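final-v4.csv follows (CSV, N, CA and C atoms):
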```
chain,number,residue,atom,x,y,z
A,50,LEU,N,7.1,47.5,14.9
A,50,LEU,CA,5.8,47.1,15.5
A,50,LEU,C,4.9,48.3,15.5
A,51,SER,N,5.4,49.5,15.2
A,51,SER,CA,4.6,50.7,15.2
A,51,SER,C,3.4,50.6,14.2
A,52,PRO,N,3.5,49.9,13.1
A,52,PRO,CA,2.3,49.8,12.2
A,52,PRO,C,1.1,49.1,12.9
A,53,TYR,N,1.5,48.3,14.0
A,53,TYR,CA,0.4,47.6,14.7
A,53,TYR,C,0.0,48.4,16.0
A,54,GLY,N,0.5,49.6,16.1
A,54,GLY,CA,0.0,50.5,17.2
A,54,GLY,C,0.8,50.2,18.5
A,55,MET,N,1.9,49.5,18.4
A,55,MET,CA,2.7,49.3,19.6
A,55,MET,C,3.8,50.3,19.8
A,56,THR,N,3.9,50.9,21.0
A,56,THR,CA,4.9,51.9,21.3
A,56,THR,C,6.2,51.2,21.7
A,57,LEU,N,7.2,52.0,21.7
A,57,LEU,CA,8.5,51.5,22.2
A,57,LEU,C,8.5,51.1,23.7
A,58,LEU,N,7.7,51.8,24.4
A,58,LEU,CA,7.5,51.4,25.9
A,58,LEU,C,6.9,50.1,26.0
A,59,GLN,N,5.9,49.8,25.2
A,59,GLN,CA,5.2,48.5,25.2
A,59,GLN,C,6.2,47.4,24.8
A,60,VAL,N,7.0,47.6,23.8
A,60,VAL,CA,7.9,46.6,23.4
A,60,VAL,C,9.0,46.4,24.5
A,61,ALA,N,9.5,47.4,25.1
A,61,ALA,CA,10.4,47.3,26.2
A,61,ALA,C,9.8,46.6,27.4
A,62,ASP,N,8.6,46.8,27.7
A,62,ASP,CA,7.9,46.1,28.8
A,62,ASP,C,7.7,44.6,28.5
A,63,ALA,N,7.4,44.3,27.3
A,63,ALA,CA,7.2,42.9,26.9
A,63,ALA,C,8.6,42.2,27.0
A,64,LEU,N,9.6,42.8,26.5
A,64,LEU,CA,11.0,42.2,26.6
A,64,LEU,C,11.4,42.0,28.0
A,65,ARG,N,11.1,43.0,28.9
A,65,ARG,CA,11.5,42.9,30.3
A,65,ARG,C,10.7,41.7,30.9
A,66,ARG,N,9.5,41.5,30.6
A,66,ARG,CA,8.7,40.4,31.1
A,66,ARG,C,9.2,39.1,30.6
A,67,LEU,N,9.6,39.0,29.3
A,67,LEU,CA,10.2,37.8,28.7
A,67,LEU,C,11.5,37.4,29.4
A,68,CYS,N,12.3,38.4,29.8
A,68,CYS,CA,13.6,38.2,30.4
A,68,CYS,C,13.5,38.0,31.9
A,69,SER,N,12.4,38.1,32.5
A,69,SER,CA,12.3,38.0,33.9
A,69,SER,C,12.4,36.6,34.4
A,70,PRO,N,12.9,36.4,35.6
A,70,PRO,CA,13.1,35.0,36.2
A,70,PRO,C,11.8,34.2,36.2
A,71,GLY,N,10.7,34.8,36.2
A,71,GLY,CA,9.4,34.1,36.3
A,71,GLY,C,8.9,33.5,35.0
A,72,THR,N,9.6,33.8,33.9
A,72,THR,CA,9.2,33.3,32.6
A,72,THR,C,9.7,31.9,32.4
A,73,ASN,N,8.8,31.0,32.0
A,73,ASN,CA,9.3,29.6,31.8
A,73,ASN,C,10.2,29.6,30.5
A,74,ARG,N,11.2,28.8,30.6
A,74,ARG,CA,12.1,28.7,29.5
A,74,ARG,C,12.4,27.2,29.1
A,75,ILE,N,12.7,27.0,27.9
A,75,ILE,CA,13.2,25.7,27.4
A,75,ILE,C,14.5,26.0,26.7
A,76,ASN,N,15.5,25.4,27.1
A,76,ASN,CA,16.8,25.6,26.5
A,76,ASN,C,17.0,24.5,25.4
A,77,LEU,N,17.6,24.9,24.3
A,77,LEU,CA,18.0,23.9,23.3
A,77,LEU,C,19.0,23.0,23.9
A,78,ARG,N,18.9,21.7,23.5
A,78,ARG,CA,19.9,20.7,24.0
A,78,ARG,C,21.2,21.0,23.4
A,79,THR,N,22.3,20.9,24.2
A,79,THR,CA,23.6,21.1,23.6
A,79,THR,C,24.3,19.8,23.2
A,80,ASP,N,23.7,18.7,23.5
A,80,ASP,CA,24.2,17.4,23.1
A,80,ASP,C,23.8,16.9,21.7
A,81,VAL,N,23.0,17.7,21.1
A,81,VAL,CA,22.4,17.4,19.8
A,81,VAL,C,22.8,18.5,18.8
A,82,VAL,N,23.3,18.2,17.6
A,82,VAL,CA,23.7,19.2,16.6
A,82,VAL,C,22.8,19.2,15.4
A,83,GLY,N,22.9,20.2,14.6
A,83,GLY,CA,22.2,20.2,13.3
A,83,GLY,C,20.7,20.4,13.5
A,84,SER,N,19.9,20.0,12.5
A,84,SER,CA,18.5,20.2,12.6
A,84,SER,C,17.8,19.4,13.7
A,85,PHE,N,18.6,18.4,14.2
A,85,PHE,CA,18.0,17.5,15.3
A,85,PHE,C,17.8,18.3,16.5
A,86,ARG,N,18.5,19.5,16.7
A,86,ARG,CA,18.3,20.3,17.9
A,86,ARG,C,16.8,20.9,17.8
A,87,PHE,N,16.4,21.3,16.6
A,87,PHE,CA,15.1,21.8,16.4
A,87,PHE,C,14.0,20.7,16.6
A,88,GLU,N,14.3,19.5,16.1
A,88,GLU,CA,13.4,18.4,16.3
A,88,GLU,C,13.3,18.1,17.8
A,89,ALA,N,14.4,18.1,18.5
A,89,ALA,CA,14.4,17.8,20.0
A,89,ALA,C,13.6,18.9,20.7
A,90,LEU,N,13.7,20.2,20.3
A,90,LEU,CA,12.9,21.3,20.9
A,90,LEU,C,11.5,21.1,20.6
A,91,ALA,N,11.1,20.8,19.4
A,91,ALA,CA,9.7,20.5,19.1
A,91,ALA,C,9.1,19.4,19.9
A,92,ASP,N,9.9,18.4,20.1
A,92,ASP,CA,9.4,17.2,20.9
A,92,ASP,C,9.2,17.7,22.4
A,93,GLU,N,10.1,18.5,22.9
A,93,GLU,CA,10.0,19.0,24.3
A,93,GLU,C,8.8,19.9,24.4
A,94,LEU,N,8.5,20.7,23.4
A,94,LEU,CA,7.3,21.6,23.5
A,94,LEU,C,6.0,20.8,23.4
A,95,THR,N,6.0,19.7,22.6
A,95,THR,CA,4.8,18.9,22.4
A,95,THR,C,4.7,17.8,23.4
A,96,GLY,N,5.7,17.5,24.2
A,96,GLY,CA,5.7,16.4,25.1
A,96,GLY,C,6.1,15.1,24.6
A,97,ASN,N,6.5,15.1,23.3
A,97,ASN,CA,6.9,13.8,22.7
A,97,ASN,C,8.3,13.5,23.2
A,98,LYS,N,8.6,12.2,23.2
A,98,LYS,CA,10.0,11.8,23.7
A,98,LYS,C,10.8,11.2,22.6
A,99,GLY,N,11.2,12.1,21.6
A,99,GLY,CA,12.0,11.6,20.5
A,99,GLY,C,13.4,11.3,21.0
A,100,GLY,N,14.0,10.3,20.4
A,100,GLY,CA,15.3,9.9,20.8
A,100,GLY,C,16.4,10.5,19.9
A,101,TYR,N,16.4,11.8,19.8
A,101,TYR,CA,17.3,12.5,19.0
A,101,TYR,C,18.7,12.5,19.6
A,102,SER,N,19.7,12.2,18.8
A,102,SER,CA,21.1,12.3,19.3
A,102,SER,C,21.9,12.7,18.1
A,103,SER,N,23.2,13.0,18.4
A,103,SER,CA,24.1,13.4,17.4
A,103,SER,C,25.1,12.2,17.1
A,104,GLU,N,24.5,11.0,17.2
A,104,GLU,CA,25.4,9.9,16.9
A,104,GLU,C,25.4,9.5,15.5
A,105,LEU,N,24.7,10.3,14.6
A,105,LEU,CA,24.7,10.0,13.2
A,105,LEU,C,26.0,10.3,12.6
A,106,THR,N,26.7,9.3,12.1
A,106,THR,CA,28.0,9.6,11.5
A,106,THR,C,28.0,9.1,10.1
A,107,ASP,N,27.1,8.3,9.7
A,107,ASP,CA,27.1,7.7,8.3
A,107,ASP,C,26.3,8.7,7.4
A,108,ILE,N,27.0,9.5,6.7
A,108,ILE,CA,26.4,10.4,5.8
A,108,ILE,C,25.9,9.6,4.6
A,109,PRO,N,24.7,9.7,4.2
A,109,PRO,CA,24.2,8.9,3.0
A,109,PRO,C,24.8,9.5,1.7
A,110,VAL,N,25.9,8.9,1.3
A,110,VAL,CA,26.6,9.3,0.1
A,110,VAL,C,26.0,8.7,-1.2
A,111,LYS,N,25.6,9.6,-2.1
A,111,LYS,CA,25.1,9.2,-3.4
A,111,LYS,C,25.8,10.0,-4.5
A,112,HIS,N,26.4,9.4,-5.4
A,112,HIS,CA,27.0,10.1,-6.5
A,112,HIS,C,26.0,11.0,-7.2
A,113,GLY,N,26.4,12.3,-7.4
A,113,GLY,CA,25.5,13.2,-8.0
A,113,GLY,C,24.5,14.0,-7.2
A,114,MET,N,24.5,13.8,-5.8
A,114,MET,CA,23.6,14.5,-5.0
A,114,MET,C,24.1,15.9,-4.7
A,115,MET,N,23.3,16.7,-4.0
A,115,MET,CA,23.7,18.0,-3.6
A,115,MET,C,24.0,17.9,-2.1
A,116,ALA,N,25.1,18.6,-1.7
A,116,ALA,CA,25.5,18.6,-0.3
A,116,ALA,C,25.4,20.1,0.2
A,117,ILE,N,24.8,20.3,1.4
A,117,ILE,CA,24.8,21.6,2.0
A,117,ILE,C,25.6,21.6,3.3
A,118,SER,N,26.5,22.5,3.4
A,118,SER,CA,27.4,22.5,4.5
A,118,SER,C,27.0,23.8,5.4
A,119,ALA,N,26.8,23.5,6.7
A,119,ALA,CA,26.6,24.7,7.6
A,119,ALA,C,27.2,24.3,8.9
A,120,ASP,N,27.6,25.3,9.7
A,120,ASP,CA,28.2,25.1,11.0
A,120,ASP,C,27.1,24.4,11.9
A,121,PRO,N,27.4,23.2,12.3
A,121,PRO,CA,26.3,22.5,13.1
A,121,PRO,C,26.1,23.1,14.5
A,122,HIS,N,26.9,24.0,14.9
A,122,HIS,CA,26.7,24.6,16.2
A,122,HIS,C,26.1,26.0,16.1
A,123,ASP,N,25.7,26.4,14.9
A,123,ASP,CA,25.1,27.7,14.6
A,123,ASP,C,23.7,27.5,14.2
A,124,ASP,N,22.8,27.7,15.1
A,124,ASP,CA,21.4,27.4,14.8
A,124,ASP,C,20.8,28.2,13.6
A,125,GLU,N,21.3,29.5,13.4
A,125,GLU,CA,20.8,30.2,12.3
A,125,GLU,C,21.3,29.6,11.0
A,126,ALA,N,22.6,29.2,11.0
A,126,ALA,CA,23.1,28.5,9.8
A,126,ALA,C,22.4,27.2,9.5
A,127,VAL,N,22.2,26.4,10.5
A,127,VAL,CA,21.5,25.2,10.3
A,127,VAL,C,20.1,25.4,9.8
A,128,ALA,N,19.4,26.4,10.3
A,128,ALA,CA,18.0,26.8,9.8
A,128,ALA,C,18.1,27.2,8.4
A,129,ALA,N,19.1,28.0,8.0
A,129,ALA,CA,19.3,28.5,6.6
A,129,ALA,C,19.5,27.3,5.7
A,130,ALA,N,20.3,26.3,6.1
A,130,ALA,CA,20.6,25.1,5.3
A,130,ALA,C,19.3,24.3,5.1
A,131,ASN,N,18.4,24.2,6.1
A,131,ASN,CA,17.2,23.5,6.0
A,131,ASN,C,16.2,24.2,5.1
A,132,ILE,N,16.2,25.5,5.2
A,132,ILE,CA,15.3,26.4,4.4
A,132,ILE,C,15.7,26.2,2.9
A,133,LEU,N,17.0,26.3,2.7
A,133,LEU,CA,17.6,26.1,1.3
A,133,LEU,C,17.2,24.7,0.8
A,134,SER,N,17.4,23.7,1.6
A,134,SER,CA,17.0,22.3,1.2
A,134,SER,C,15.5,22.2,0.8
A,135,ASP,N,14.7,22.8,1.7
A,135,ASP,CA,13.2,22.7,1.4
A,135,ASP,C,12.9,23.5,0.2
A,136,TYR,N,13.5,24.7,0.0
A,136,TYR,CA,13.2,25.5,-1.1
A,136,TYR,C,13.6,24.8,-2.4
A,137,LEU,N,14.8,24.2,-2.5
A,137,LEU,CA,15.3,23.6,-3.7
A,137,LEU,C,14.7,22.1,-3.9
A,138,GLY,N,14.3,21.5,-2.8
A,138,GLY,CA,14.0,20.1,-2.8
A,138,GLY,C,13.1,19.6,-4.0
A,139,GLU,N,11.9,20.1,-4.1
A,139,GLU,CA,11.0,19.7,-5.1
A,139,GLU,C,11.5,19.9,-6.5
A,140,ASP,N,12.0,21.1,-6.8
A,140,ASP,CA,12.5,21.4,-8.1
A,140,ASP,C,13.7,20.5,-8.4
A,141,LEU,N,14.6,20.4,-7.5
A,141,LEU,CA,15.8,19.6,-7.7
A,141,LEU,C,15.5,18.1,-7.9
A,142,MET,N,14.6,17.6,-7.2
A,142,MET,CA,14.2,16.2,-7.3
A,142,MET,C,13.6,15.9,-8.7
A,143,SER,N,13.1,16.9,-9.4
A,143,SER,CA,12.5,16.7,-10.7
A,143,SER,C,13.6,16.5,-11.7
A,144,ILE,N,14.8,17.0,-11.5
A,144,ILE,CA,15.9,16.8,-12.4
A,144,ILE,C,17.0,15.8,-11.9
A,145,MET,N,17.0,15.5,-10.6
A,145,MET,CA,18.0,14.6,-10.1
A,145,MET,C,17.4,13.8,-8.9
A,146,SER,N,17.6,12.5,-8.9
A,146,SER,CA,17.0,11.7,-7.9
A,146,SER,C,17.9,11.4,-6.7
A,147,GLU,N,19.1,11.9,-6.8
A,147,GLU,CA,20.0,11.5,-5.7
A,147,GLU,C,19.8,12.3,-4.4
A,148,GLY,N,19.1,13.4,-4.5
A,148,GLY,CA,18.7,14.1,-3.3
A,148,GLY,C,19.7,15.1,-2.7
A,149,ILE,N,19.3,15.6,-1.5
A,149,ILE,CA,20.1,16.6,-0.9
A,149,ILE,C,20.5,16.1,0.5
A,150,VAL,N,21.8,16.3,0.9
A,150,VAL,CA,22.2,15.9,2.3
A,150,VAL,C,22.7,17.2,3.0
A,151,ILE,N,22.2,17.4,4.2
A,151,ILE,CA,22.7,18.5,5.0
A,151,ILE,C,23.7,18.0,5.9
A,152,LEU,N,25.0,18.4,5.7
A,152,LEU,CA,26.1,17.8,6.4
A,152,LEU,C,26.1,18.1,7.9
A,153,SER,N,25.5,19.2,8.3
A,153,SER,CA,25.5,19.6,9.7
A,153,SER,C,24.6,18.7,10.5
A,154,ASP,N,23.9,17.8,9.9
A,154,ASP,CA,23.1,16.8,10.7
A,154,ASP,C,23.9,15.6,11.1
A,155,TYR,N,25.1,15.6,10.7
A,155,TYR,CA,26.0,14.4,11.0
A,155,TYR,C,27.2,14.9,11.7
A,156,LEU,N,27.7,14.1,12.6
A,156,LEU,CA,28.9,14.4,13.3
A,156,LEU,C,30.1,14.5,12.3
A,157,PRO,N,31.0,15.4,12.5
A,157,PRO,CA,32.1,15.5,11.5
A,157,PRO,C,32.9,14.2,11.4
A,158,ALA,N,32.7,13.6,10.4
A,158,ALA,CA,33.5,12.4,10.0
A,158,ALA,C,34.3,12.8,8.8
A,159,GLU,N,35.5,13.3,9.0
A,159,GLU,CA,36.3,13.9,7.9
A,159,GLU,C,36.3,13.1,6.6
A,160,ASP,N,36.6,11.8,6.7
A,160,ASP,CA,36.6,11.0,5.5
A,160,ASP,C,35.3,11.0,4.8
A,161,LYS,N,34.2,10.9,5.5
A,161,LYS,CA,32.9,10.9,4.9
A,161,LYS,C,32.5,12.2,4.3
A,162,ILE,N,32.9,13.3,4.9
A,162,ILE,CA,32.6,14.6,4.4
A,162,ILE,C,33.4,14.8,3.1
A,163,LEU,N,34.7,14.4,3.1
A,163,LEU,CA,35.5,14.5,1.9
A,163,LEU,C,34.9,13.6,0.7
A,164,GLU,N,34.4,12.4,1.1
A,164,GLU,CA,33.8,11.5,0.1
A,164,GLU,C,32.5,12.2,-0.4
A,165,THR,N,31.7,12.7,0.4
A,165,THR,CA,30.5,13.3,0.0
A,165,THR,C,30.7,14.5,-0.9
A,166,VAL,N,31.6,15.4,-0.5
A,166,VAL,CA,31.9,16.6,-1.4
A,166,VAL,C,32.5,16.1,-2.7
A,167,SER,N,33.3,15.1,-2.7
A,167,SER,CA,34.0,14.7,-4.0
A,167,SER,C,33.0,14.1,-5.0
A,168,VAL,N,31.9,13.5,-4.5
A,168,VAL,CA,31.0,12.9,-5.5
A,168,VAL,C,29.7,13.7,-5.7
A,169,ALA,N,29.6,14.8,-5.0
A,169,ALA,CA,28.4,15.7,-5.1
A,169,ALA,C,28.4,16.4,-6.4
A,170,ARG,N,27.2,16.6,-6.9
A,170,ARG,CA,27.0,17.4,-8.1
A,170,ARG,C,27.1,18.9,-7.8
A,171,ALA,N,26.7,19.2,-6.6
A,171,ALA,CA,26.8,20.6,-6.2
A,171,ALA,C,27.0,20.7,-4.7
A,172,VAL,N,27.7,21.7,-4.2
A,172,VAL,CA,27.9,21.9,-2.8
A,172,VAL,C,27.6,23.3,-2.5
A,173,ALA,N,26.7,23.6,-1.5
A,173,ALA,CA,26.4,24.9,-1.1
A,173,ALA,C,27.0,25.0,0.3
A,174,VAL,N,27.6,26.1,0.6
A,174,VAL,CA,28.2,26.4,1.9
A,174,VAL,C,27.5,27.6,2.5
A,175,ILE,N,26.9,27.4,3.7
A,175,ILE,CA,26.2,28.5,4.4
A,175,ILE,C,27.3,29.1,5.2
A,176,CYS,N,27.6,30.4,4.9
A,176,CYS,CA,28.7,31.1,5.6
A,176,CYS,C,28.1,31.7,6.9
A,177,SER,N,28.7,31.5,8.0
A,177,SER,CA,28.3,32.2,9.2
A,177,SER,C,29.6,32.6,10.0
A,178,ARG,N,29.4,33.0,11.2
A,178,ARG,CA,30.4,33.6,12.0
A,178,ARG,C,31.7,32.7,12.1
A,179,ASP,N,31.5,31.4,12.4
A,179,ASP,CA,32.6,30.5,12.6
A,179,ASP,C,32.9,29.6,11.5
A,180,THR,N,32.4,29.9,10.3
A,180,THR,CA,32.6,29.0,9.1
A,180,THR,C,34.1,28.8,8.9
A,181,LEU,N,35.0,29.8,9.0
A,181,LEU,CA,36.4,29.6,8.7
A,181,LEU,C,37.2,28.9,9.8
A,182,SER,N,36.5,28.7,10.9
A,182,SER,CA,37.2,28.0,12.0
A,182,SER,C,36.7,26.6,12.3
A,183,ARG,N,35.6,26.2,11.6
A,183,ARG,CA,35.1,24.9,11.7
A,183,ARG,C,35.7,24.0,10.7
A,184,GLU,N,36.5,23.0,11.2
A,184,GLU,CA,37.2,22.1,10.3
A,184,GLU,C,36.3,21.4,9.3
A,185,ALA,N,35.1,21.0,9.8
A,185,ALA,CA,34.2,20.2,8.9
A,185,ALA,C,33.8,21.1,7.7
A,186,GLN,N,33.7,22.4,7.8
A,186,GLN,CA,33.3,23.3,6.7
A,186,GLN,C,34.5,23.6,5.8
A,187,LEU,N,35.7,23.5,6.3
A,187,LEU,CA,36.8,23.8,5.5
A,187,LEU,C,37.3,22.7,4.6
A,188,LEU,N,36.8,21.5,4.9
A,188,LEU,CA,37.3,20.4,4.1
A,188,LEU,C,36.8,20.6,2.7
```
Please go through the file and, once you have read it, give me the structure as structure tokens.
Amino acid sequence: LSPYGMTLLQVADALRRLCSPGTNRINLRTDVVGSFRFEALADELTGNKGGYSSELTDIPVKHGMMAISADPHDDEAVAAANILSDYLGEDLMSIMSEGIVILSDYLPAEDKILETVSVARAVAVICSRDTLSREAQLL
């Protein structure tokens, strides 16, 4: 932040104020996984009452689609999966109509994940801290 004329003391003061008990906070919902956590947060910030839940277990399986796997409990990994999907989306749709599914948006249904991966044209795995301990990512 030094290019913007901010000193280390100013940054420390801003962080101290952000972490103070008087600062309003919104916590991400823990009952929602995948990108739906971000949708639920956006709704809370805007006052909308979206009915987001993690009850989605039916992965839309299409032969030849792309599947992206990320740890559904790792917000950074989920964000990276969504960025990858957005980045590839338009170009990918010009050569294949089956689309992209982000597996972390669905509750781990082992048989559906195996089915999805087995018929996918491509599978991308977003590696993060707990990738090797998440059963859904190891299938």
Discussion item. Between CA of Ala116 in chain A and atom N of Val168 in chain A, what is the distance in Å, rounded to a tenth?
Written reply: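 Atom N of Val168 in chain A lies 9.2 Å from CA of Ala116 in chain A.
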Discussion item. Quick check, in Å to one decimal: how far apart do CA of Ser51 in chain A and CA of Arg65 in chain A lie?
Written reply: 18.3 Å
Discussion item. Counting all atoms listed in the file, which residues sit no farther than 7 Å from the position (15.8, 20.4, 21.1) in the file's frame? I'd like them as a PyMOL selection string.
Written reply: chain A and resi 76-78+85-93
Practice prompt. Could you pull out the residues in chain A that DSSP calls helix (DSSP H, G or I) from the backbone, as number ranges by chain?
Written response: A: 51-53, 57-67, 85-95, 124-144, 152-154, 159-168, 180-182, 184-187
Discussion item. Could you pull out the strand (DSSP E) residues of range 53-138 of chain A, going by DSSP on the backbone, and write them as a list in words?
Written reply: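 Reading the DSSP output for range 53-138 of chain A, strand (DSSP E) covers Met115, Ala116, Ile117 and Ser118 of chain A.
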Worksheet item: Nearest to His112 in chain A among A:Leu152, A:Ala173, A:Cys68, A:Glu147, with distances taken over all atoms listed in the file: which residue is it?
Response: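 Looking at the shortest contact to His112 in chain A, the residue is A:Glu147.
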Worksheet item: Just how far from atom N of Cys176 in chain A is atom C of Gly113 in chain A, in Å to one decimal?
Response: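 Separation of atom C of Gly113 in chain A and atom N of Cys176 in chain A: 20.6 Å.
Nearest residue to Ser153 in chain A among A:Leu181, A:Ala171, A:Val81, A:Ala119 is A:Ala119, counting all atoms listed in the file.
Distance annotation: of A:Thr72, A:Leu94, A:Thr56, A:Met114, the residue with the minimal separation from Ser146 in chain A is A:Met114; atom set is only N, CA and C atoms.
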